[in-house]
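**Q** Contents of start12.txt (compact mmCIF, C-alpha atoms) are below:
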```txt
# COMPACT_ATOMS: atom_id res chain seq x y z
CA MET C 2 13.63 16.71 11.34
CA SER C 3 15.37 17.70 8.12
CA HIS C 4 14.97 21.03 6.34
CA LYS C 5 12.71 19.33 3.80
CA ASN C 6 10.36 18.31 6.59
CA GLN C 7 10.75 21.15 9.07
CA ASP C 8 7.46 22.77 8.09
CA MET C 9 5.78 19.50 7.18
CA LYS C 10 3.00 19.68 9.75
CA ASN C 11 1.95 23.03 8.36
CA GLU C 12 2.50 22.26 4.68
CA ILE C 13 1.38 18.67 4.22
CA PHE C 14 -2.38 19.38 4.22
CA LYS C 15 -2.24 22.71 2.36
CA GLY C 16 -4.69 22.59 -0.56
CA MET C 17 -5.54 18.93 0.11
CA GLU C 18 -9.10 17.61 0.06
CA ALA C 19 -8.39 13.86 0.23
CA VAL C 20 -5.81 11.46 1.64
CA ILE C 21 -5.20 8.12 -0.09
CA PHE C 22 -3.26 5.30 1.55
CA ASP C 23 -1.53 2.20 0.33
CA LEU C 24 -2.18 -0.73 2.69
CA ASP C 25 0.76 -3.13 3.20
CA GLY C 26 3.73 -1.40 4.78
CA THR C 27 1.82 1.89 4.92
CA LEU C 28 -1.24 1.33 7.12
CA VAL C 29 -0.33 -2.13 8.43
CA ASP C 30 3.06 -3.66 9.23
CA SER C 31 2.79 -6.59 6.84
CA MET C 32 5.49 -6.47 4.15
CA TRP C 33 7.58 -9.11 5.96
CA MET C 34 4.59 -11.44 5.84
CA TRP C 35 4.35 -11.62 2.05
CA ARG C 36 7.97 -12.75 1.75
CA GLN C 37 7.20 -15.54 4.23
CA ILE C 38 4.11 -16.55 2.24
CA ASP C 39 6.19 -16.67 -0.96
CA ILE C 40 8.71 -18.94 0.76
CA GLU C 41 5.98 -21.26 2.05
CA TYR C 42 4.00 -21.30 -1.20
CA LEU C 43 6.94 -21.95 -3.53
CA GLY C 44 8.19 -24.52 -1.04
CA ARG C 45 5.08 -26.59 -1.77
CA PHE C 46 6.47 -27.07 -5.27
CA GLY C 47 10.08 -27.59 -4.17
CA ILE C 48 11.10 -24.14 -5.44
CA PRO C 49 13.48 -22.00 -3.34
CA LEU C 50 12.73 -18.29 -3.03
CA PRO C 51 14.65 -16.36 -5.74
CA GLU C 52 16.83 -13.62 -4.28
CA HIS C 53 15.14 -10.63 -5.91
CA LEU C 54 11.57 -11.90 -6.21
CA GLN C 55 10.02 -9.23 -3.96
CA ALA C 56 11.62 -6.45 -6.00
CA ASP C 57 10.44 -8.10 -9.24
CA ILE C 58 6.78 -8.09 -8.16
CA GLU C 59 6.64 -4.76 -6.29
CA GLY C 60 3.58 -2.78 -7.25
CA MET C 61 1.90 -5.60 -9.21
CA SER C 62 -1.77 -6.21 -8.52
CA PHE C 63 -2.83 -9.45 -6.83
CA SER C 64 -3.90 -10.89 -10.19
CA GLU C 65 -0.76 -9.70 -11.99
CA THR C 66 1.37 -11.34 -9.30
CA ALA C 67 -0.47 -14.66 -9.61
CA GLU C 68 -0.09 -14.64 -13.40
CA TYR C 69 3.63 -13.80 -13.00
CA PHE C 70 4.14 -16.70 -10.54
CA LYS C 71 2.27 -19.13 -12.78
CA LYS C 72 4.41 -18.25 -15.80
CA ARG C 73 7.79 -17.87 -14.08
CA PHE C 74 7.54 -20.92 -11.81
CA SER C 75 5.24 -23.11 -13.98
CA ILE C 76 2.71 -23.43 -11.15
CA PRO C 77 0.25 -26.19 -12.16
CA HIS C 78 -2.77 -24.61 -10.44
CA PRO C 79 -5.17 -22.11 -12.06
CA VAL C 80 -4.59 -18.43 -11.24
CA GLU C 81 -7.87 -18.21 -9.30
CA GLN C 82 -6.85 -21.14 -7.09
CA MET C 83 -3.44 -19.55 -6.48
CA LYS C 84 -5.12 -16.36 -5.30
CA GLU C 85 -7.47 -18.33 -3.03
CA ASP C 86 -4.49 -20.16 -1.52
CA TRP C 87 -2.65 -16.87 -0.89
CA ASN C 88 -5.77 -15.34 0.69
CA ARG C 89 -6.04 -18.28 3.09
CA MET C 90 -2.33 -18.18 3.94
CA ALA C 91 -2.41 -14.42 4.49
CA TRP C 92 -5.62 -14.25 6.47
CA ASP C 93 -4.31 -16.14 9.50
CA LYS C 94 -1.23 -13.92 9.62
CA TYR C 95 -3.25 -10.71 9.20
CA MET C 96 -5.56 -11.81 12.02
CA ASN C 97 -2.83 -12.78 14.48
CA GLU C 98 0.53 -11.27 13.52
CA VAL C 99 0.01 -7.96 11.67
CA PRO C 100 -0.54 -4.74 13.65
CA LEU C 101 -1.43 -1.27 12.43
CA LYS C 102 1.58 0.99 11.93
CA PRO C 103 2.13 3.23 15.00
CA GLY C 104 -0.10 6.30 15.10
CA VAL C 105 -2.37 5.21 12.22
CA ARG C 106 -5.66 5.36 14.12
CA GLU C 107 -4.86 8.76 15.63
CA PHE C 108 -3.84 10.11 12.23
CA LEU C 109 -7.04 8.87 10.57
CA LYS C 110 -9.05 10.61 13.30
CA LYS C 111 -7.14 13.83 12.63
CA CYS C 112 -7.81 13.57 8.89
CA ARG C 113 -11.50 13.12 9.56
CA GLU C 114 -11.53 16.10 11.95
CA LEU C 115 -9.98 18.17 9.15
CA GLY C 116 -12.83 17.15 6.83
CA LEU C 117 -10.57 15.22 4.45
CA LYS C 118 -11.97 12.37 2.36
CA LEU C 119 -10.10 9.09 2.83
CA GLY C 120 -9.38 6.24 0.42
CA ILE C 121 -7.23 3.12 0.09
CA ALA C 122 -5.37 2.14 -3.10
CA THR C 123 -3.76 -1.26 -2.61
CA SER C 124 -2.17 -4.00 -4.70
CA ASN C 125 -3.67 -6.53 -2.27
CA SER C 126 -6.83 -8.57 -2.89
CA ARG C 127 -10.33 -7.17 -2.33
CA GLU C 128 -11.16 -9.94 0.14
CA LEU C 129 -8.10 -9.31 2.30
CA VAL C 130 -8.26 -5.52 2.37
CA GLU C 131 -11.95 -5.50 3.33
CA ASN C 132 -11.32 -8.05 6.09
CA ILE C 133 -8.28 -6.15 7.40
CA ALA C 134 -10.27 -2.92 7.55
CA LYS C 135 -13.02 -4.73 9.45
CA VAL C 136 -10.64 -6.40 11.94
CA HIS C 137 -8.99 -3.08 12.83
CA ASN C 138 -12.30 -1.14 12.80
CA LEU C 139 -11.09 1.09 9.95
CA ARG C 140 -13.92 0.65 7.45
CA ASP C 141 -15.92 3.68 8.63
CA TYR C 142 -12.98 6.00 7.93
CA PHE C 143 -12.77 5.19 4.21
CA SER C 144 -15.20 6.31 1.52
CA CYS C 145 -13.38 4.31 -1.17
CA ILE C 146 -11.26 1.16 -1.18
CA LEU C 147 -9.85 0.00 -4.54
CA THR C 148 -7.38 -2.75 -5.41
CA GLY C 149 -4.88 -3.09 -8.25
CA CYS C 150 -7.29 -5.50 -9.91
CA ASP C 151 -9.76 -2.61 -10.30
CA ALA C 152 -7.23 -0.73 -12.44
CA LYS C 153 -5.92 -1.47 -15.93
CA LYS C 154 -2.29 -1.40 -14.76
CA GLY C 155 -0.66 -1.87 -11.36
CA LYS C 156 1.78 0.53 -9.71
CA PRO C 157 3.97 2.38 -10.81
CA ALA C 158 1.21 3.25 -13.31
CA PRO C 159 -1.04 5.97 -11.82
CA ASP C 160 -4.30 4.19 -12.71
CA ILE C 161 -5.40 3.10 -9.23
CA TYR C 162 -4.74 6.50 -7.65
CA LEU C 163 -6.64 8.29 -10.40
CA LEU C 164 -9.57 5.89 -9.95
CA VAL C 165 -9.71 6.49 -6.18
CA ALA C 166 -9.60 10.27 -6.70
CA GLU C 167 -12.41 9.99 -9.24
CA GLN C 168 -14.56 7.96 -6.86
CA LEU C 169 -13.86 10.40 -4.02
CA GLY C 170 -14.82 13.28 -6.33
CA VAL C 171 -11.51 15.08 -5.78
CA LYS C 172 -9.05 16.43 -8.35
CA PRO C 173 -5.69 14.57 -8.35
CA GLU C 174 -3.76 17.72 -7.42
CA CYS C 175 -5.86 17.95 -4.24
CA CYS C 176 -4.94 14.43 -3.10
CA LEU C 177 -2.20 13.45 -0.65
CA VAL C 178 -0.82 9.90 -0.98
CA PHE C 179 0.94 7.83 1.70
CA GLU C 180 3.18 5.08 0.29
CA ASP C 181 6.01 2.84 1.50
CA ILE C 182 7.53 1.49 -1.74
CA ILE C 183 9.14 3.22 -4.71
CA PRO C 184 6.64 1.96 -7.37
CA GLY C 185 3.80 3.30 -5.17
CA ILE C 186 5.48 6.67 -4.71
CA ALA C 187 6.04 6.81 -8.47
CA ALA C 188 2.37 5.98 -9.06
CA GLY C 189 1.20 8.79 -6.82
CA LYS C 190 3.54 11.30 -8.44
CA ALA C 191 2.51 10.14 -11.94
CA ALA C 192 -1.10 10.78 -10.93
CA GLY C 193 -0.18 14.41 -10.18
CA MET C 194 -0.63 14.02 -6.43
CA LYS C 195 1.46 15.03 -3.42
CA VAL C 196 3.17 11.98 -1.90
CA CYS C 197 4.44 11.29 1.61
CA ALA C 198 6.87 8.36 1.95
CA VAL C 199 6.38 6.13 4.99
CA GLU C 200 9.28 4.32 6.63
CA ASP C 201 9.07 0.53 6.64
CA ALA C 202 11.70 -2.06 7.58
CA TYR C 203 11.11 -3.93 4.30
CA SER C 204 12.24 -0.96 2.19
CA GLN C 205 14.80 0.47 4.62
CA GLY C 206 17.58 -0.04 2.08
CA VAL C 207 16.01 2.48 -0.31
CA TRP C 208 14.94 5.04 2.29
CA GLU C 209 17.04 7.85 0.79
CA GLU C 210 15.62 7.19 -2.68
CA LYS C 211 12.08 7.21 -1.27
CA CYS C 212 12.71 10.55 0.41
CA ARG C 213 14.15 11.98 -2.81
CA LEU C 214 11.13 10.96 -4.87
CA ALA C 215 8.45 11.99 -2.36
CA ASP C 216 7.29 15.46 -1.37
CA PHE C 217 7.30 14.59 2.34
CA TYR C 218 8.34 11.64 4.47
CA VAL C 219 7.56 10.28 7.94
CA LYS C 220 9.11 7.57 10.03
CA ASP C 221 5.98 7.45 12.19
CA TYR C 222 2.46 8.86 11.81
CA ARG C 223 2.74 10.28 15.32
CA GLU C 224 4.95 12.98 13.79
CA LEU C 225 1.79 14.36 12.14
CA VAL C 226 -0.65 14.10 15.04
```
Go ahead and express the file in the form of structure tokens.
**A**
Amino acid sequence: MSHKNQDMKNEIFKGMEAVIFDLDGTLVDSMWMWRQIDIEYLGRFGIPLPEHLQADIEGMSFSETAEYFKKRFSIPHPVEQMKEDWNRMAWDKYMNEVPLKPGVREFLKKCRELGLKLGIATSNSRELVENIAKVHNLRDYFSCILTGCDAKKGKPAPDIYLLVAEQLGVKPECCLVFEDIIPGIAAGKAAGMKVCAVEDAYSQGVWEEKCRLADFYVKDYRELV
């Protein structure tokens, strides 16, 4: 463990009253799945996946992403139908192919034992995040689950994190955020919160940048249990 993280176990919860998690790539190992869905969905219209599409849409809410796709790729379907199609495509994969990140359940139990309030701030859809929480028996851990569509602006704007803190009744400076992508880390920092970067294969190429931007970082939640 690096010097930056050598006292992490002791320092990470100091002064914290709430822990807020992103979902995809942070709580569940699912970032690979969305690239596959983009390939399959655009393929329906004979459109190959652009090289940097995932980077272009990082942090956007579900609705913002649908509007971006409709405009950029001239998708003939209404935005609401696009979102319904993505929900259907994602649900089968979430049910059968997407596990929790290692150590998540044990870490959530530890947070609850410490009396910390827990929330989720995700760019995913309301329908999917609620179903994922139910499938993995996570719903009872979280007092607040908000999506990017609940906020005025998606990540890297701080809006969603500030909204979750408000609903949890905790000041932003007393919140600890777990995030796997740079726009999410930036959102947490812009909200005035402490941020812990989480390793994920999808963003492995920017791991050093994530560590530089965040206050803490973990490759595995079991480091904190």
**Q** Here is a test: counting all atoms listed in the file, which residue of C:Phe14, C:Val207, C:Pro159, C:Asp221 is nearest to Gly193 of chain C?
**A** C:Pro159
**Q** Pull the closest atom pair for each residue of segment 152-226 of chain C that gets at most 12 Å from segment 33-47 of chain C, along with the distance in Å to one decimal, counting all atoms listed in the file, ordering rows by chain and then ascending residue number, as JSON lines.
**A**
```
{"residue": "C:Asp201", "atom": "CA", "partner": "C:Trp33", "partner_atom": "CA", "distance": 9.8}
{"residue": "C:Ala202", "atom": "CA", "partner": "C:Trp33", "partner_atom": "CA", "distance": 8.3}
{"residue": "C:Tyr203", "atom": "CA", "partner": "C:Trp33", "partner_atom": "CA", "distance": 6.5}
{"residue": "C:Ser204", "atom": "CA", "partner": "C:Trp33", "partner_atom": "CA", "distance": 10.1}
```
**Q** Please check which residues have atoms at most 8 Å from (0.1, 18.8, -8.1) in the file's coordinates, counting all atoms listed in the file, and write them as an MDAnalysis selection string.
**A** chainID C and resid 173:175 193:195
**Q** Suppose we keep C-alpha atoms; can you now write the selection as a PDB file, in the frame of the given file?
**A**
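Full text of result_13.pdb as output:
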```pdb
ATOM      1  CA  PRO C 173      -5.690  14.570  -8.350  1.00  0.00           C
ATOM      2  CA  GLU C 174      -3.760  17.720  -7.420  1.00  0.00           C
ATOM      3  CA  CYS C 175      -5.860  17.950  -4.240  1.00  0.00           C
ATOM      4  CA  GLY C 193      -0.180  14.410 -10.180  1.00  0.00           C
ATOM      5  CA  MET C 194      -0.630  14.020  -6.430  1.00  0.00           C
ATOM      6  CA  LYS C 195       1.460  15.030  -3.420  1.00  0.00           C
TER       7      LYS C 195
END
```
**Q** Grab the atom CA of Ile58 of chain C to atom CA of Ala19 of chain C distance for me, in Å with one decimal place.
**A**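 These atoms are spaced 28.0 Å apart.
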**Q** Put the listed atoms of segment 198-203 of chain C in a box along x, y and z with 5 Å added on every side and give me the centre and edge lengths in Å to one decimal, as JSON.
**A**
```
{"center_x": 9.0, "center_y": 2.2, "center_z": 4.8, "size_x": 15.3, "size_y": 22.3, "size_z": 15.6}
```
**Q** Could you work out how far atom CA of Ile186 of chain C lies from atom CA of Asn125 of chain C, giving the answer in Å with one decimal?
**A** 16.2 Å
**Q** Every residue with an atom at most 12 Å from (-1.3, 11.4, -10.0) (file coordinates; only C-alpha atoms) is what I'm after, so could you write them as a PDB file with C-alpha atoms, in the frame of the given file?
**A**
```pdb
ATOM      1  CA  ILE C  21      -5.200   8.120  -0.090  1.00  0.00           C
ATOM      2  CA  LYS C 156       1.780   0.530  -9.710  1.00  0.00           C
ATOM      3  CA  PRO C 157       3.970   2.380 -10.810  1.00  0.00           C
ATOM      4  CA  ALA C 158       1.210   3.250 -13.310  1.00  0.00           C
ATOM      5  CA  PRO C 159      -1.040   5.970 -11.820  1.00  0.00           C
ATOM      6  CA  ASP C 160      -4.300   4.190 -12.710  1.00  0.00           C
ATOM      7  CA  ILE C 161      -5.400   3.100  -9.230  1.00  0.00           C
ATOM      8  CA  TYR C 162      -4.740   6.500  -7.650  1.00  0.00           C
ATOM      9  CA  LEU C 163      -6.640   8.290 -10.400  1.00  0.00           C
ATOM     10  CA  LEU C 164      -9.570   5.890  -9.950  1.00  0.00           C
ATOM     11  CA  VAL C 165      -9.710   6.490  -6.180  1.00  0.00           C
ATOM     12  CA  ALA C 166      -9.600  10.270  -6.700  1.00  0.00           C
ATOM     13  CA  GLU C 167     -12.410   9.990  -9.240  1.00  0.00           C
ATOM     14  CA  VAL C 171     -11.510  15.080  -5.780  1.00  0.00           C
ATOM     15  CA  LYS C 172      -9.050  16.430  -8.350  1.00  0.00           C
ATOM     16  CA  PRO C 173      -5.690  14.570  -8.350  1.00  0.00           C
ATOM     17  CA  GLU C 174      -3.760  17.720  -7.420  1.00  0.00           C
ATOM     18  CA  CYS C 175      -5.860  17.950  -4.240  1.00  0.00           C
ATOM     19  CA  CYS C 176      -4.940  14.430  -3.100  1.00  0.00           C
ATOM     20  CA  LEU C 177      -2.200  13.450  -0.650  1.00  0.00           C
ATOM     21  CA  VAL C 178      -0.820   9.900  -0.980  1.00  0.00           C
ATOM     22  CA  GLY C 185       3.800   3.300  -5.170  1.00  0.00           C
ATOM     23  CA  ILE C 186       5.480   6.670  -4.710  1.00  0.00           C
ATOM     24  CA  ALA C 187       6.040   6.810  -8.470  1.00  0.00           C
ATOM     25  CA  ALA C 188       2.370   5.980  -9.060  1.00  0.00           C
ATOM     26  CA  GLY C 189       1.200   8.790  -6.820  1.00  0.00           C
ATOM     27  CA  LYS C 190       3.540  11.300  -8.440  1.00  0.00           C
ATOM     28  CA  ALA C 191       2.510  10.140 -11.940  1.00  0.00           C
ATOM     29  CA  ALA C 192      -1.100  10.780 -10.930  1.00  0.00           C
ATOM     30  CA  GLY C 193      -0.180  14.410 -10.180  1.00  0.00           C
ATOM     31  CA  MET C 194      -0.630  14.020  -6.430  1.00  0.00           C
ATOM     32  CA  LYS C 195       1.460  15.030  -3.420  1.00  0.00           C
ATOM     33  CA  VAL C 196       3.170  11.980  -1.900  1.00  0.00           C
TER      34      VAL C 196
END
```
**Q** Rounded to one decimal, what separation in Å do you get between atom CA of Arg127 of chain C and atom CA of Leu109 of chain C?
**A** 20.8 Å
**Q** Mind checking which residues fall within 9 Å of Tyr142 of chain C, counting all atoms listed in the file, ignoring those fewer than 4 positions away in the same chain, and posting them as a list in words?
**A**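 Near Tyr142 of chain C, the qualifying residues are Leu109, Lys110, Arg113, Lys118, Leu119, Gly120 and Asn138 of chain C.
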**Q** Within 7 Å of segment 82-97 of chain C, counting only C-alpha atoms, which residues qualify if same-chain residues fewer than 3 places away don't, as a ChimeraX atom specification?
**A** /C:38,67,78-79,129
**Q** Could the residues in this selection be written to a file with C-alpha atoms, as a short mmCIF file (atom, residue, chain, number, x, y, z; two decimals), in the coordinates of the input?
**A**
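Contents of the output file again_6.cif:
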```cif
data_model
loop_
_atom_site.label_atom_id
_atom_site.label_comp_id
_atom_site.auth_asym_id
_atom_site.auth_seq_id
_atom_site.Cartn_x
_atom_site.Cartn_y
_atom_site.Cartn_z
CA ILE C 38 4.11 -16.55 2.24
CA ALA C 67 -0.47 -14.66 -9.61
CA HIS C 78 -2.77 -24.61 -10.44
CA PRO C 79 -5.17 -22.11 -12.06
CA LEU C 129 -8.10 -9.31 2.30
#
```
**Q** For Ala215 of chain C, which residue among C:Glu200, C:Glu65, C:Asp30, C:Glu128 is the nearest when counting all atoms listed in the file?
**A** C:Glu200
**Q** Could you name the residues that touch Cys212 of chain C at 8 Å or less, counting only C-alpha atoms, but leaving out those on the same chain fewer than 5 positions away, as a list in words?
**A**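 Close residues of Cys212 of chain C: Ala198, Phe217 and Tyr218 of chain C.
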**Q** Name the closest residue to Met17 of chain C among the candidates C:Ser126, C:Leu115, C:Cys150, C:Phe63; distances are taken between atoms, counting all atoms listed in the file.
**A**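 That would be C:Leu115, the residue with the smallest distance to Met17 of chain C.
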**Q** Counting only C-alpha atoms, which residue out of C:Ser64, C:Thr148, C:Gln205, C:Gln168 sits closest to Asp181 of chain C?
**A** C:Gln205
**Q** Could you check which of C:Ile182, C:Leu117, C:Leu225, C:Cys112 is closest to Glu59 of chain C, using only C-alpha atoms?
**A** C:Ile182
**Q** As a PDB file, in the frame of the given file, could you write out segment 119-131 of chain C once it has been completed with N, CA and C atoms?
**A**
```
ATOM      1  N   LEU C 119     -11.139  10.098   2.696  1.00  0.00           N
ATOM      2  CA  LEU C 119     -10.100   9.090   2.830  1.00  0.00           C
ATOM      3  C   LEU C 119     -10.357   7.897   1.916  1.00  0.00           C
ATOM      4  N   GLY C 120      -9.280   7.395   1.297  1.00  0.00           N
ATOM      5  CA  GLY C 120      -9.380   6.240   0.420  1.00  0.00           C
ATOM      6  C   GLY C 120      -8.185   5.321   0.584  1.00  0.00           C
ATOM      7  N   ILE C 121      -8.325   4.095   0.113  1.00  0.00           N
ATOM      8  CA  ILE C 121      -7.230   3.120   0.090  1.00  0.00           C
ATOM      9  C   ILE C 121      -7.021   2.668  -1.338  1.00  0.00           C
ATOM     10  N   ALA C 122      -5.746   2.631  -1.765  1.00  0.00           N
ATOM     11  CA  ALA C 122      -5.370   2.140  -3.100  1.00  0.00           C
ATOM     12  C   ALA C 122      -4.294   1.079  -2.889  1.00  0.00           C
ATOM     13  N   THR C 123      -4.672  -0.180  -2.973  1.00  0.00           N
ATOM     14  CA  THR C 123      -3.760  -1.260  -2.610  1.00  0.00           C
ATOM     15  C   THR C 123      -3.577  -2.272  -3.734  1.00  0.00           C
ATOM     16  N   SER C 124      -2.416  -2.906  -3.758  1.00  0.00           N
ATOM     17  CA  SER C 124      -2.170  -4.000  -4.700  1.00  0.00           C
ATOM     18  C   SER C 124      -2.692  -5.328  -4.157  1.00  0.00           C
ATOM     19  N   ASN C 125      -3.178  -5.332  -2.930  1.00  0.00           N
ATOM     20  CA  ASN C 125      -3.670  -6.530  -2.270  1.00  0.00           C
ATOM     21  C   ASN C 125      -5.019  -6.962  -2.875  1.00  0.00           C
ATOM     22  N   SER C 126      -5.541  -8.081  -2.380  1.00  0.00           N
ATOM     23  CA  SER C 126      -6.830  -8.570  -2.890  1.00  0.00           C
ATOM     24  C   SER C 126      -7.987  -7.870  -2.198  1.00  0.00           C
ATOM     25  N   ARG C 127      -9.124  -7.795  -2.890  1.00  0.00           N
ATOM     26  CA  ARG C 127     -10.330  -7.170  -2.330  1.00  0.00           C
ATOM     27  C   ARG C 127     -10.741  -7.858  -1.034  1.00  0.00           C
ATOM     28  N   GLU C 128     -10.734  -9.184  -1.038  1.00  0.00           N
ATOM     29  CA  GLU C 128     -11.160  -9.940   0.140  1.00  0.00           C
ATOM     30  C   GLU C 128     -10.315  -9.601   1.353  1.00  0.00           C
ATOM     31  N   LEU C 129      -8.988  -9.564   1.171  1.00  0.00           N
ATOM     32  CA  LEU C 129      -8.100  -9.310   2.300  1.00  0.00           C
ATOM     33  C   LEU C 129      -8.224  -7.882   2.812  1.00  0.00           C
ATOM     34  N   VAL C 130      -8.237  -6.908   1.911  1.00  0.00           N
ATOM     35  CA  VAL C 130      -8.260  -5.520   2.370  1.00  0.00           C
ATOM     36  C   VAL C 130      -9.554  -5.199   3.108  1.00  0.00           C
ATOM     37  N   GLU C 131     -10.680  -5.739   2.641  1.00  0.00           N
ATOM     38  CA  GLU C 131     -11.950  -5.500   3.330  1.00  0.00           C
ATOM     39  C   GLU C 131     -11.937  -6.156   4.713  1.00  0.00           C
TER      40      GLU C 131
END
```
